[in-house]
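Coordinates as given in query33.tsv (TSV, C-alpha atoms):
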chain	number	residue	atom	x	y	z
A	1	MET	CA	6.54	14.75	-20.67
A	2	LYS	CA	6.11	10.98	-20.96
A	3	VAL	CA	6.18	8.91	-17.78
A	4	LEU	CA	6.26	5.10	-17.59
A	5	ILE	CA	4.84	3.76	-14.32
A	6	VAL	CA	6.16	0.27	-13.53
A	7	ASN	CA	4.28	-2.00	-11.10
A	8	THR	CA	3.90	-5.76	-10.74
A	9	SER	CA	0.10	-5.74	-10.96
A	10	GLU	CA	-2.38	-3.48	-12.68
A	11	ARG	CA	-5.13	-3.62	-10.05
A	12	THR	CA	-4.41	-6.17	-7.30
A	13	GLY	CA	-3.02	-4.75	-4.06
A	14	GLY	CA	-2.76	-1.29	-2.54
A	15	ALA	CA	0.31	-0.31	-4.57
A	16	ALA	CA	-1.44	-1.22	-7.83
A	17	VAL	CA	-4.49	0.83	-6.88
A	18	ALA	CA	-2.30	3.81	-5.97
A	19	ALA	CA	-0.19	3.54	-9.14
A	20	ASN	CA	-3.30	3.36	-11.31
A	21	ARG	CA	-4.79	6.40	-9.61
A	22	LEU	CA	-1.55	8.31	-10.08
A	23	MET	CA	-1.50	7.47	-13.79
A	24	LYS	CA	-5.00	8.88	-14.16
A	25	ALA	CA	-4.12	11.95	-12.08
A	26	LEU	CA	-1.07	12.67	-14.25
A	27	ASN	CA	-3.01	12.22	-17.49
A	28	ASN	CA	-5.68	14.60	-16.18
A	29	ASN	CA	-3.01	17.21	-15.47
A	30	GLY	CA	-1.03	17.39	-18.70
A	31	VAL	CA	1.42	14.48	-18.31
A	32	LYS	CA	1.38	11.53	-20.71
A	33	ALA	CA	1.55	8.56	-18.36
A	34	ARG	CA	1.39	4.83	-19.08
A	35	MET	CA	1.66	1.75	-16.87
A	36	LEU	CA	3.83	-1.30	-17.50
A	37	VAL	CA	2.79	-4.34	-15.45
A	38	ARG	CA	3.49	-8.04	-15.23
A	39	ASP	CA	-0.17	-8.83	-14.56
A	40	LYS	CA	-2.56	-6.93	-16.84
A	41	GLU	CA	-6.15	-7.35	-15.65
A	42	THR	CA	-8.20	-4.97	-17.82
A	43	ASP	CA	-8.35	-3.83	-21.44
A	44	ALA	CA	-7.13	-0.31	-20.57
A	45	LEU	CA	-5.18	1.16	-23.51
A	46	THR	CA	-2.84	3.06	-21.19
A	47	VAL	CA	-1.62	-0.17	-19.54
A	48	THR	CA	0.86	-2.55	-21.16
A	49	GLY	CA	1.13	-6.08	-19.81
A	50	LEU	CA	4.03	-8.46	-20.21
A	51	SER	CA	3.45	-11.88	-21.77
A	52	LYS	CA	0.77	-14.01	-20.09
A	53	SER	CA	2.44	-17.29	-21.05
A	54	VAL	CA	3.41	-19.81	-18.39
A	55	PHE	CA	7.02	-19.04	-19.30
A	56	SER	CA	6.53	-15.43	-18.14
A	57	GLN	CA	6.02	-16.70	-14.57
A	58	ARG	CA	9.51	-18.19	-14.45
A	59	HIS	CA	10.94	-15.18	-12.60
A	60	PHE	CA	8.28	-15.34	-9.89
A	61	LEU	CA	8.59	-19.11	-9.49
A	62	TRP	CA	12.38	-19.09	-9.36
A	63	GLU	CA	12.52	-16.41	-6.69
A	64	ARG	CA	9.85	-18.12	-4.57
A	65	LEU	CA	11.74	-21.42	-4.85
A	66	VAL	CA	14.97	-19.85	-3.63
A	67	VAL	CA	13.19	-18.12	-0.73
A	68	PHE	CA	11.26	-21.31	0.09
A	69	SER	CA	14.51	-23.28	0.31
A	70	ARG	CA	16.07	-20.66	2.60
A	71	LEU	CA	13.02	-20.96	4.86
A	72	HIS	CA	13.71	-24.70	5.13
A	73	PHE	CA	10.65	-25.34	2.94
A	74	GLN	CA	8.22	-23.76	5.40
A	75	ARG	CA	5.43	-21.51	4.09
A	76	LYS	CA	5.57	-19.12	7.03
A	77	HIS	CA	7.00	-15.72	5.92
A	78	LEU	CA	7.17	-16.95	2.30
A	79	PHE	CA	5.61	-13.74	0.97
A	80	GLU	CA	6.99	-11.35	3.57
A	81	ILE	CA	10.45	-11.20	2.01
A	82	ASP	CA	11.77	-10.66	-1.51
A	83	ILE	CA	15.28	-11.06	-2.88
A	84	ALA	CA	14.74	-9.77	-6.46
A	85	ASN	CA	17.07	-12.35	-7.96
A	86	SER	CA	15.05	-12.68	-11.17
A	87	GLY	CA	12.90	-10.39	-13.31
A	88	PHE	CA	12.21	-8.89	-16.71
A	89	ASP	CA	14.54	-6.66	-18.73
A	90	ILE	CA	12.18	-3.82	-19.68
A	91	THR	CA	14.82	-1.56	-21.26
A	92	ARG	CA	14.25	-3.07	-24.70
A	93	LEU	CA	10.55	-2.31	-24.76
A	94	ARG	CA	9.19	0.52	-26.90
A	95	GLU	CA	7.29	1.93	-23.90
A	96	PHE	CA	10.53	2.21	-21.99
A	97	GLN	CA	12.49	3.77	-24.83
A	98	GLU	CA	9.83	6.41	-25.49
A	99	ALA	CA	9.54	7.48	-21.83
A	100	ASP	CA	11.22	10.58	-20.43
A	101	VAL	CA	10.95	9.35	-16.82
A	102	ILE	CA	10.80	5.80	-15.44
A	103	HIS	CA	8.64	5.66	-12.32
A	104	LEU	CA	9.00	2.46	-10.29
A	105	HIS	CA	6.37	1.42	-7.77
A	106	TRP	CA	5.97	-2.09	-6.22
A	107	ILE	CA	8.14	-4.22	-8.53
A	108	ASN	CA	8.61	-7.42	-6.51
A	109	GLN	CA	7.70	-11.10	-7.05
A	110	GLY	CA	9.33	-11.51	-10.44
A	111	MET	CA	8.67	-8.12	-12.07
A	112	LEU	CA	12.14	-6.60	-11.78
A	113	SER	CA	15.41	-7.99	-10.44
A	114	LEU	CA	18.15	-5.91	-8.86
A	115	SER	CA	20.24	-6.35	-12.01
A	116	GLY	CA	17.20	-5.29	-14.05
A	117	ILE	CA	16.90	-2.08	-12.01
A	118	ARG	CA	20.61	-1.50	-12.56
A	119	LYS	CA	20.02	-1.75	-16.34
A	120	ILE	CA	17.29	0.86	-16.03
A	121	LEU	CA	19.70	3.18	-14.21
A	122	ASP	CA	22.44	2.54	-16.77
A	123	SER	CA	20.07	3.59	-19.56
A	124	GLY	CA	20.54	7.19	-18.48
A	125	LYS	CA	16.83	7.84	-17.97
A	126	PRO	CA	15.70	9.62	-14.79
A	127	VAL	CA	14.28	7.15	-12.27
A	128	VAL	CA	11.73	7.89	-9.54
A	129	TRP	CA	10.80	5.14	-7.08
A	130	THR	CA	7.64	5.37	-5.00
A	131	MET	CA	7.97	3.32	-1.82
A	132	HIS	CA	4.75	1.53	-0.88
A	133	ASP	CA	6.56	-0.31	1.90
A	134	ILE	CA	10.07	-0.38	3.41
A	135	TRP	CA	11.59	-2.98	1.03
A	136	PRO	CA	13.64	-0.49	-1.06
A	137	ALA	CA	15.35	0.62	2.18
A	138	THR	CA	15.99	-2.85	3.65
A	139	ALA	CA	17.67	-5.99	2.41
A	140	ILE	CA	14.71	-8.33	1.95
A	141	CYS	CA	11.85	-7.28	4.28
A	142	HIS	CA	8.59	-5.52	3.36
A	143	LEU	CA	7.64	-5.03	7.02
A	144	THR	CA	10.12	-4.15	9.74
A	145	LEU	CA	7.67	-4.03	12.68
A	146	ASP	CA	10.00	-3.71	15.68
A	147	CYS	CA	13.21	-4.62	13.80
A	148	ARG	CA	15.72	-1.76	13.39
A	149	LYS	CA	18.59	-3.63	11.73
A	150	PHE	CA	18.10	-1.71	8.48
A	151	THR	CA	19.43	1.42	10.19
A	152	THR	CA	22.88	-0.17	10.20
A	153	GLN	CA	23.02	-3.20	7.92
A	154	CYS	CA	20.52	-6.03	7.55
A	155	SER	CA	21.92	-9.38	8.61
A	156	ASN	CA	20.70	-12.46	10.44
A	157	CYS	CA	17.15	-11.65	9.38
A	158	LYS	CA	14.53	-12.78	11.91
A	159	TYR	CA	12.49	-14.37	9.11
A	160	LEU	CA	15.30	-16.73	8.13
A	161	PRO	CA	16.22	-19.79	10.20
A	162	GLY	CA	19.91	-20.19	10.97
A	163	GLY	CA	22.16	-22.81	9.52
A	164	GLY	CA	23.19	-23.65	5.99
A	165	GLY	CA	24.12	-20.08	5.23
A	166	SER	CA	20.49	-18.90	5.41
A	167	SER	CA	21.39	-16.03	7.72
A	168	ASP	CA	23.79	-14.69	5.07
A	169	LEU	CA	21.02	-14.13	2.52
A	170	ALA	CA	19.97	-10.75	3.89
A	171	SER	CA	23.59	-9.55	3.96
A	172	ALA	CA	24.17	-10.70	0.38
A	173	VAL	CA	21.06	-8.89	-0.92
A	174	TRP	CA	22.02	-5.80	1.10
A	175	ARG	CA	25.41	-5.67	-0.62
A	176	ARG	CA	23.80	-6.03	-4.07
A	177	LYS	CA	21.41	-3.19	-3.28
A	178	GLN	CA	24.31	-1.05	-2.11
A	179	GLN	CA	26.03	-1.53	-5.45
A	180	MET	CA	22.78	-0.83	-7.30
A	181	VAL	CA	22.23	2.60	-5.69
A	182	ALA	CA	25.88	3.62	-5.35
A	183	ASP	CA	25.64	6.55	-7.78
A	184	GLU	CA	22.62	8.09	-6.01
A	185	SER	CA	20.63	8.30	-9.24
A	186	ILE	CA	17.16	7.41	-7.89
A	187	TYR	CA	14.63	9.86	-6.50
A	188	TYR	CA	12.74	8.05	-3.73
A	189	VAL	CA	9.20	9.08	-2.86
A	190	ALA	CA	7.56	7.74	0.29
A	191	CYS	CA	3.76	7.80	0.48
A	192	SER	CA	3.82	9.05	4.07
A	193	HIS	CA	6.02	11.22	6.27
A	194	TRP	CA	6.47	8.19	8.54
A	195	LEU	CA	7.95	6.10	5.72
A	196	GLU	CA	10.09	9.05	4.63
A	197	ARG	CA	11.62	9.15	8.12
A	198	GLU	CA	12.16	5.38	8.08
A	199	ALA	CA	13.84	5.54	4.66
A	200	LYS	CA	16.13	8.35	5.77
A	201	ALA	CA	17.12	6.25	8.79
A	202	SER	CA	18.22	3.39	6.53
A	203	ALA	CA	21.96	2.91	6.12
A	204	LEU	CA	21.25	1.64	2.61
A	205	LEU	CA	19.71	4.92	1.48
A	206	ARG	CA	22.03	7.26	3.35
A	207	GLY	CA	22.65	10.33	1.20
A	208	GLN	CA	19.90	9.45	-1.29
A	209	LYS	CA	17.23	11.90	-2.46
A	210	ILE	CA	14.05	11.11	-0.47
A	211	THR	CA	10.80	13.02	-0.18
A	212	SER	CA	7.15	12.19	0.59
A	213	ILE	CA	4.01	12.59	-1.53
A	214	PRO	CA	0.68	10.97	-0.60
A	215	ASN	CA	-1.33	8.75	-2.91
A	216	PRO	CA	-4.12	10.48	-4.84
A	217	ILE	CA	-7.81	9.64	-4.90
A	218	ASP	CA	-10.57	10.52	-7.34
A	219	THR	CA	-13.07	12.46	-5.25
A	220	HIS	CA	-15.56	12.40	-8.12
A	221	THR	CA	-15.82	8.63	-7.61
A	222	TYR	CA	-15.29	8.33	-3.85
A	223	LYS	CA	-17.89	10.69	-2.37
A	224	ARG	CA	-20.76	10.83	0.07
A	225	GLY	CA	-24.02	9.16	-0.89
A	226	ASP	CA	-27.44	8.19	0.39
A	227	LYS	CA	-26.75	5.82	3.30
A	228	LEU	CA	-30.22	4.30	3.36
A	229	ALA	CA	-30.25	3.68	-0.40
A	230	ALA	CA	-26.80	2.09	-0.19
A	231	ARG	CA	-27.92	-0.28	2.57
A	232	ARG	CA	-30.99	-1.32	0.65
A	233	GLN	CA	-28.91	-1.98	-2.44
A	234	LEU	CA	-26.50	-4.18	-0.45
A	235	GLY	CA	-29.15	-5.89	1.67
A	236	LEU	CA	-27.70	-4.51	4.92
A	237	PRO	CA	-29.83	-3.64	7.98
A	238	GLU	CA	-31.24	-0.11	7.84
A	239	GLU	CA	-31.46	0.69	11.54
A	240	ARG	CA	-28.17	-0.68	12.88
A	241	ARG	CA	-24.81	1.04	13.40
A	242	LEU	CA	-22.44	-0.63	10.94
A	243	VAL	CA	-18.70	-1.06	11.52
A	244	LEU	CA	-16.66	-1.78	8.38
A	245	PHE	CA	-13.43	-3.78	8.10
A	246	VAL	CA	-11.64	-4.03	4.74
A	247	SER	CA	-8.65	-6.08	3.63
A	248	GLN	CA	-7.62	-7.76	0.40
A	249	ARG	CA	-7.23	-10.91	2.51
A	250	VAL	CA	-9.13	-10.66	5.78
A	251	THR	CA	-7.08	-13.43	7.41
A	252	ASN	CA	-3.80	-11.53	6.93
A	253	ARG	CA	-2.59	-11.35	10.54
A	254	TYR	CA	-0.97	-7.96	9.99
A	255	LYS	CA	-4.37	-6.39	9.26
A	256	GLY	CA	-5.33	-6.91	12.89
A	257	MET	CA	-8.56	-8.90	12.76
A	258	ASP	CA	-7.71	-10.42	16.15
A	259	TYR	CA	-7.79	-6.94	17.69
A	260	LEU	CA	-11.12	-6.14	16.07
A	261	ILE	CA	-12.57	-9.39	17.44
A	262	GLU	CA	-11.38	-8.49	20.94
A	263	ALA	CA	-12.74	-4.95	20.61
A	264	CYS	CA	-16.12	-6.33	19.51
A	265	ARG	CA	-16.30	-8.42	22.68
A	266	GLN	CA	-16.33	-5.15	24.60
A	267	LEU	CA	-19.02	-3.75	22.31
A	268	SER	CA	-21.47	-6.64	22.67
A	269	GLY	CA	-24.94	-5.43	23.59
A	270	THR	CA	-24.52	-2.14	21.74
A	271	GLY	CA	-26.51	-3.21	18.70
A	272	TYR	CA	-23.55	-2.60	16.40
A	273	GLU	CA	-23.01	-4.96	13.49
A	274	VAL	CA	-19.83	-5.61	11.46
A	275	VAL	CA	-19.44	-5.54	7.68
A	276	ILE	CA	-16.41	-7.41	6.31
A	277	LEU	CA	-15.12	-6.67	2.82
A	278	GLY	CA	-12.31	-8.85	1.44
A	279	GLY	CA	-11.20	-12.33	0.56
A	280	HIS	CA	-11.84	-15.12	3.13
A	281	ALA	CA	-14.39	-12.91	4.94
A	282	GLU	CA	-16.62	-15.89	5.62
A	283	GLU	CA	-13.81	-17.53	7.66
A	284	VAL	CA	-13.96	-14.92	10.43
A	285	VAL	CA	-17.70	-14.25	10.69
A	286	GLU	CA	-18.25	-16.88	13.38
A	287	GLN	CA	-15.33	-15.53	15.44
A	288	LEU	CA	-16.91	-12.09	15.85
A	289	PRO	CA	-19.02	-11.53	18.98
A	290	LEU	CA	-21.24	-9.13	17.01
A	291	LYS	CA	-23.45	-10.05	14.09
A	292	ALA	CA	-21.36	-9.84	10.92
A	293	HIS	CA	-22.02	-9.56	7.20
A	294	ALA	CA	-19.38	-11.13	4.93
A	295	LEU	CA	-19.36	-9.39	1.55
A	296	GLY	CA	-16.33	-11.26	0.23
A	297	TYR	CA	-13.82	-9.91	-2.27
A	298	VAL	CA	-15.22	-7.13	-4.47
A	299	SER	CA	-13.40	-5.72	-7.51
A	300	ASP	CA	-16.14	-3.46	-8.86
A	301	GLU	CA	-15.18	0.06	-7.78
A	302	GLN	CA	-18.68	1.48	-7.72
A	303	ARG	CA	-19.86	-1.36	-5.46
A	304	ILE	CA	-16.92	-0.64	-3.13
A	305	VAL	CA	-17.99	3.01	-2.98
A	306	THR	CA	-21.55	1.92	-2.17
A	307	ILE	CA	-20.24	-0.20	0.72
A	308	TYR	CA	-18.38	2.78	2.19
A	309	GLN	CA	-21.48	4.95	1.80
A	310	ALA	CA	-23.56	2.37	3.67
A	311	VAL	CA	-21.54	2.17	6.90
A	312	ASP	CA	-21.07	4.42	9.95
A	313	VAL	CA	-17.42	3.89	10.85
A	314	PHE	CA	-14.39	2.25	9.23
A	315	VAL	CA	-11.90	0.37	11.43
A	316	LEU	CA	-8.37	-0.59	10.37
A	317	PRO	CA	-6.44	-2.17	13.27
A	318	SER	CA	-3.35	-2.91	11.13
A	319	LEU	CA	-0.03	-3.63	12.81
A	320	SER	CA	1.95	-2.04	9.97
A	321	GLU	CA	0.75	0.47	7.38
A	322	ASN	CA	2.17	3.11	5.07
A	323	LEU	CA	-0.67	5.39	3.93
A	324	PRO	CA	-3.71	3.09	3.56
A	325	ASN	CA	-5.88	3.73	0.51
A	326	THR	CA	-8.84	2.30	2.43
A	327	ILE	CA	-8.79	5.05	5.07
A	328	MET	CA	-8.57	7.67	2.33
A	329	GLU	CA	-11.49	6.04	0.49
A	330	ALA	CA	-13.67	5.86	3.59
A	331	MET	CA	-12.97	9.47	4.55
A	332	ALA	CA	-13.75	10.67	1.01
A	333	CYS	CA	-17.15	8.97	1.40
A	334	GLY	CA	-17.73	10.84	4.67
A	335	VAL	CA	-17.01	7.89	6.97
A	336	PRO	CA	-14.97	8.56	10.16
A	337	CYS	CA	-12.12	6.09	10.71
A	338	VAL	CA	-10.52	4.34	13.68
A	339	GLY	CA	-7.02	2.87	13.48
A	340	PHE	CA	-3.92	2.21	15.51
A	341	LYS	CA	-1.18	4.78	15.97
A	342	VAL	CA	1.23	3.18	13.51
A	343	GLY	CA	2.89	4.13	10.22
A	344	GLY	CA	1.06	6.79	8.24
A	345	ILE	CA	-2.36	6.22	9.84
A	346	PRO	CA	-2.03	9.23	12.22
A	347	GLU	CA	-1.27	11.40	9.17
A	348	GLU	CA	-4.66	10.55	7.68
A	349	ILE	CA	-6.77	10.40	10.84
A	350	ASP	CA	-6.63	13.56	12.95
A	351	HIS	CA	-7.38	12.27	16.44
A	352	ARG	CA	-10.88	13.25	17.61
A	353	GLN	CA	-11.17	15.63	14.64
A	354	ASN	CA	-12.18	13.31	11.79
A	355	GLY	CA	-11.78	9.96	13.55
A	356	TYR	CA	-9.93	8.25	16.38
A	357	VAL	CA	-6.29	7.09	16.63
A	358	ALA	CA	-6.07	4.22	19.14
A	359	ASP	CA	-3.00	3.16	21.09
A	360	TYR	CA	-0.96	0.58	19.20
A	361	ARG	CA	-2.11	-3.04	19.68
A	362	ASN	CA	-4.63	-1.90	22.30
A	363	ALA	CA	-8.00	-3.56	21.71
A	364	ASP	CA	-9.50	-1.69	24.67
A	365	ASP	CA	-8.67	1.67	23.10
A	366	LEU	CA	-9.85	0.42	19.70
A	367	ALA	CA	-13.26	-0.36	21.23
A	368	ARG	CA	-13.20	3.00	23.00
A	369	GLY	CA	-12.55	4.73	19.68
A	370	ILE	CA	-15.43	2.97	17.92
A	371	ARG	CA	-17.81	3.84	20.76
A	372	TRP	CA	-16.58	7.45	20.84
A	373	VAL	CA	-17.18	7.94	17.11
A	374	LEU	CA	-20.65	6.40	17.15
A	375	GLU	CA	-22.00	7.66	20.49
A	376	GLU	CA	-19.98	10.52	21.98
A	377	SER	CA	-18.67	12.66	19.12
A	378	ASP	CA	-20.37	15.28	16.99
A	379	TYR	CA	-20.80	12.67	14.26
A	380	ASP	CA	-21.89	14.99	11.45
A	381	GLN	CA	-18.91	17.23	12.10
A	382	LEU	CA	-16.55	14.24	12.00
A	383	CYS	CA	-17.96	13.25	8.61
A	384	ASN	CA	-17.60	16.76	7.19
A	385	ARG	CA	-14.03	17.07	8.42
A	386	ALA	CA	-13.12	13.69	6.91
A	387	VAL	CA	-14.31	14.79	3.47
A	388	HIS	CA	-12.50	18.13	3.83
A	389	LYS	CA	-9.22	16.44	4.80
A	390	VAL	CA	-9.23	14.30	1.65
A	391	ALA	CA	-10.11	17.24	-0.61
A	392	GLN	CA	-7.29	19.34	0.85
A	393	HIS	CA	-4.49	16.77	0.86
A	394	TYR	CA	-5.19	13.87	-1.50
A	395	SER	CA	-6.87	15.34	-4.58
A	396	GLN	CA	-5.63	14.26	-8.01
A	397	GLN	CA	-4.44	17.74	-8.96
A	398	SER	CA	-2.54	18.33	-5.72
A	399	VAL	CA	-0.66	15.03	-5.93
A	400	ALA	CA	-0.01	15.27	-9.70
A	401	LEU	CA	1.60	18.70	-9.35
A	402	LYS	CA	3.89	17.45	-6.59
A	403	TYR	CA	5.03	14.52	-8.74
A	404	LEU	CA	5.55	16.81	-11.73
A	405	ASP	CA	7.99	18.82	-9.61
A	406	VAL	CA	9.86	15.61	-8.67
A	407	TYR	CA	10.04	14.51	-12.32
A	408	GLN	CA	11.49	17.86	-13.33
A	409	GLN	CA	14.07	17.66	-10.56
A	410	ALA	CA	15.03	14.14	-11.61
A	411	MET	CA	15.43	15.19	-15.23
A	412	ALA	CA	17.47	18.25	-14.27
A	413	PHE	CA	19.75	16.14	-12.09
A	414	LYS	CA	20.37	13.66	-14.92
A	415	HIS	CA	21.12	16.52	-17.31
A	416	TYR	CA	23.52	18.03	-14.78
A	417	LYS	CA	25.39	14.73	-14.35
A	418	LEU	CA	25.76	14.38	-18.12

Here is a file; write its structure as structure tokens.
Amino acid sequence: MKVLIVNTSERTGGAAVAANRLMKALNNNGVKARMLVRDKETDALTVTGLSKSVFSQRHFLWERLVVFSRLHFQRKHLFEIDIANSGFDITRLREFQEADVIHLHWINQGMLSLSGIRKILDSGKPVVWTMHDIWPATAICHLTLDCRKFTTQCSNCKYLPGGGGSSDLASAVWRRKQQMVADESIYYVACSHWLEREAKASALLRGQKITSIPNPIDTHTYKRGDKLAARRQLGLPEERRLVLFVSQRVTNRYKGMDYLIEACRQLSGTGYEVVILGGHAEEVVEQLPLKAHALGYVSDEQRIVTIYQAVDVFVLPSLSENLPNTIMEAMACGVPCVGFKVGGIPEEIDHRQNGYVADYRNADDLARGIRWVLEESDYDQLCNRAVHKVAQHYSQQSVALKYLDVYQQAMAFKHYKL
């Protein structure tokens, strides 16, 4: 079986990381998988990139311009919505034509348009779509937070200012998506049970085939190591309790840095120190009441593993999450995690078993969870249970076999329809 995985980026972002790991998991379990991306970042032979010319960015730029105009030329929310009005036609590519199954992942920001997805469906090839956020089930939003309009029909989107027809944009995209999925020919896969429930609640996907399969992780790479050696390698203090925060962009307000700062105020005097991994890390160091170490953005996977191995607890106070790769990575390295009760986080962290699930948007409980992990729990047992959880639920083989079953169902359904 040949599978073509389609994603906007090869390595940047959680969806890209998950798609890449899935490709490797499939190839290690008897499936010939390739990736097709807009942004190719390595020389991997199993990844095909679209043209790197300035002209190839026209789809991204045109969509952003349309969204920017609808936002009355304000940058706020500019990258929180997508309308998929422009993208590449991949059906003519050799990689597409040779594939038995087309597997879509995160295809926004100029990779695929709605009409481009419709062309893929019209080709007759089975299509599986892994949802890394709620966008496939809404009109234009990647994050719904407390908005439930997608359960009926998206209109008058809160991100769009009124006037000039701006409030009609969500309704227009909703109708185009309805037409795109009218024949129920896509198999949707959510990365968490939470997102599966959200997708099934969507009026747009009513009657569609939806299941959930977690992202895989390579436990031969992400594993426990010598904590002291890792700290010495990174130049981190050897005798302190280290709290890790990770985000591609640390200043992203949805990753909850404000809540971590507030929690740290309650932990002052404990001797804990904070390690920050991600872009713009240096911008928040001075805001933290505890001593902090800004490691910046790191792309080298082995260095990332070393950072996990060096710390005592990983904290992710995100306000919206699907199934975070970072929690999975930390747990695989034997690091207990603390996060809010939101999205798929409670599916990864078993409360007081391998970490702590704090009340949503509650900095007091976040601080309580950090203190509990580091001072009150059976810490070694937490670490062992974290590693066991990952091995049982997120191994490459386990996830690959589940996707193989979905591919076979999708192919059988297409054959039946023909």

| task | Tell me, as a list in words, which residues lie within 12 Å of Asp405 (chain A), counting all atoms listed in the file; anything in the same chain fewer than 2 positions away does not count. | result |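 Near Asp405 (chain A), the qualifying residues are Met1, Leu26, Val31, Val128, Tyr187, Val189, Thr211, Ile213, Ser398, Val399, Ala400, Leu401, Lys402, Tyr403, Tyr407, Gln408, Gln409, Ala410, Met411 and Ala412 of chain A.
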
One residue among A:Glu239, A:Ala139, A:Leu244, A:Asp365 is nearest to Ser202 (chain A) when using all atoms listed in the file, and that residue is A:Ala139

| said: Could you tell me how far CA of Ser377 (chain A) sits from CA of Asp226 (chain A), in Å to one decimal place? | reply: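 Between CA of Asp226 (chain A) and CA of Ser377 (chain A) the gap is 21.2 Å.
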
CA of Gly256 (chain A) sits from CA of Asp312 (chain A) at a separation of 19.6 Å

For Val6 (chain A), the closest of A:Thr48, A:Thr219, A:Thr326, A:Ser212 counting only C-alpha atoms is A:Thr48

Q. Which residues, protein or nucleic acid, reach to within 9 Å of (20.7, -10.4, -12.5) in the file's coordinates when using all atoms listed in the file, and can you give that as a ChimeraX atom specification?
A. /A:84-87,113-116,118

Using only C-alpha atoms, determine which residues lie at most 8 Å from region 268-271 of chain A, disregarding the query and same-chain residues fewer than 3 positions distant; provide the list as a ChimeraX atom specification. /A:240-241,264-265,289-290

Exercise for the section: Select, counting only C-alpha atoms, all protein, DNA and RNA residues no farther than 6 Å from (-15.7, 11.0, 6.8) in file coordinates, and express the selection as a PyMOL selection string. Expected result: chain A and resi 331+333-336+383+386-387

Would you compute the distance between CA of Val66 (chain A) and CA of Arg249 (chain A)? Give it in Å to one decimal.
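Straight-line distance from CA of Val66 (chain A) to CA of Arg249 (chain A) works out to 24.7 Å.
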
Inset, instruction - Name all residues at most 6 Å from region 96-99 of chain A (count all atoms listed in the file; drop same-chain ones fewer than 2 positions away) and give them as a ChimeraX atom specification. - result: /A:2-4,91,93-94,101

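You can rank A:Arg206, A:Arg38, A:Arg148, A:Lys341 by their closest distance to Asn322 (chain A) using all atoms listed in the file, and at the top of that list sits A:Lys341.
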
Residue with the minimum atom-to-atom distance to Leu295 (chain A), picked from A:Glu347, A:Gly235, A:Val313, A:Leu50 with all atoms listed in the file counted, is A:Gly235

Report task. Name all residues at most 10 Å from Ile261 (chain A) (count only C-alpha atoms; drop same-chain ones fewer than 2 positions away) and give them as JSON, numbers by chain. Result -> {"A": [256, 257, 258, 259, 263, 264, 265, 266, 267, 284, 285, 287, 288, 289, 290, 363, 367]}

From the set A:Gln208, A:Ser320, A:Gln248, A:Ser171, which residue has the shortest atom-to-atom contact distance to His280 (chain A), counting all atoms listed in the file?
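Of A:Gln208, A:Ser320, A:Gln248, A:Ser171, the one nearest His280 (chain A) is A:Gln248, counting all atoms listed in the file.
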
Of A:Pro136, A:Gly369, A:Gly279, A:Pro214, the one nearest to Leu323 (chain A) when counting only C-alpha atoms is A:Pro214

Could you work out an axis-aligned box for region 275-278 of chain A, taking every atom the file lists and adding 6 Å on each side, and report centre and edge lengths in Å to one decimal, as lines of an AutoDock Vina configuration file?
center_x = -15.9
center_y = -7.2
center_z = 4.6
size_x = 19.1
size_y = 15.3
size_z = 18.2

Excluding Leu234 (chain A) and any residue of its chain fewer than 6 positions from it, enumerate the residues within 12 Å of it, using all atoms listed in the file, and give them as a compact mmCIF listing (two decimals) with C-alpha atoms, in the frame of the given file.
# COMPACT_ATOMS: atom_id res chain seq x y z
CA LYS A 227 -26.75 5.82 3.30
CA LEU A 228 -30.22 4.30 3.36
CA VAL A 275 -19.44 -5.54 7.68
CA HIS A 293 -22.02 -9.56 7.20
CA ALA A 294 -19.38 -11.13 4.93
CA LEU A 295 -19.36 -9.39 1.55
CA ARG A 303 -19.86 -1.36 -5.46
CA ILE A 304 -16.92 -0.64 -3.13
CA VAL A 305 -17.99 3.01 -2.98
CA THR A 306 -21.55 1.92 -2.17
CA ILE A 307 -20.24 -0.20 0.72
CA TYR A 308 -18.38 2.78 2.19
CA GLN A 309 -21.48 4.95 1.80
CA ALA A 310 -23.56 2.37 3.67
CA VAL A 311 -21.54 2.17 6.90
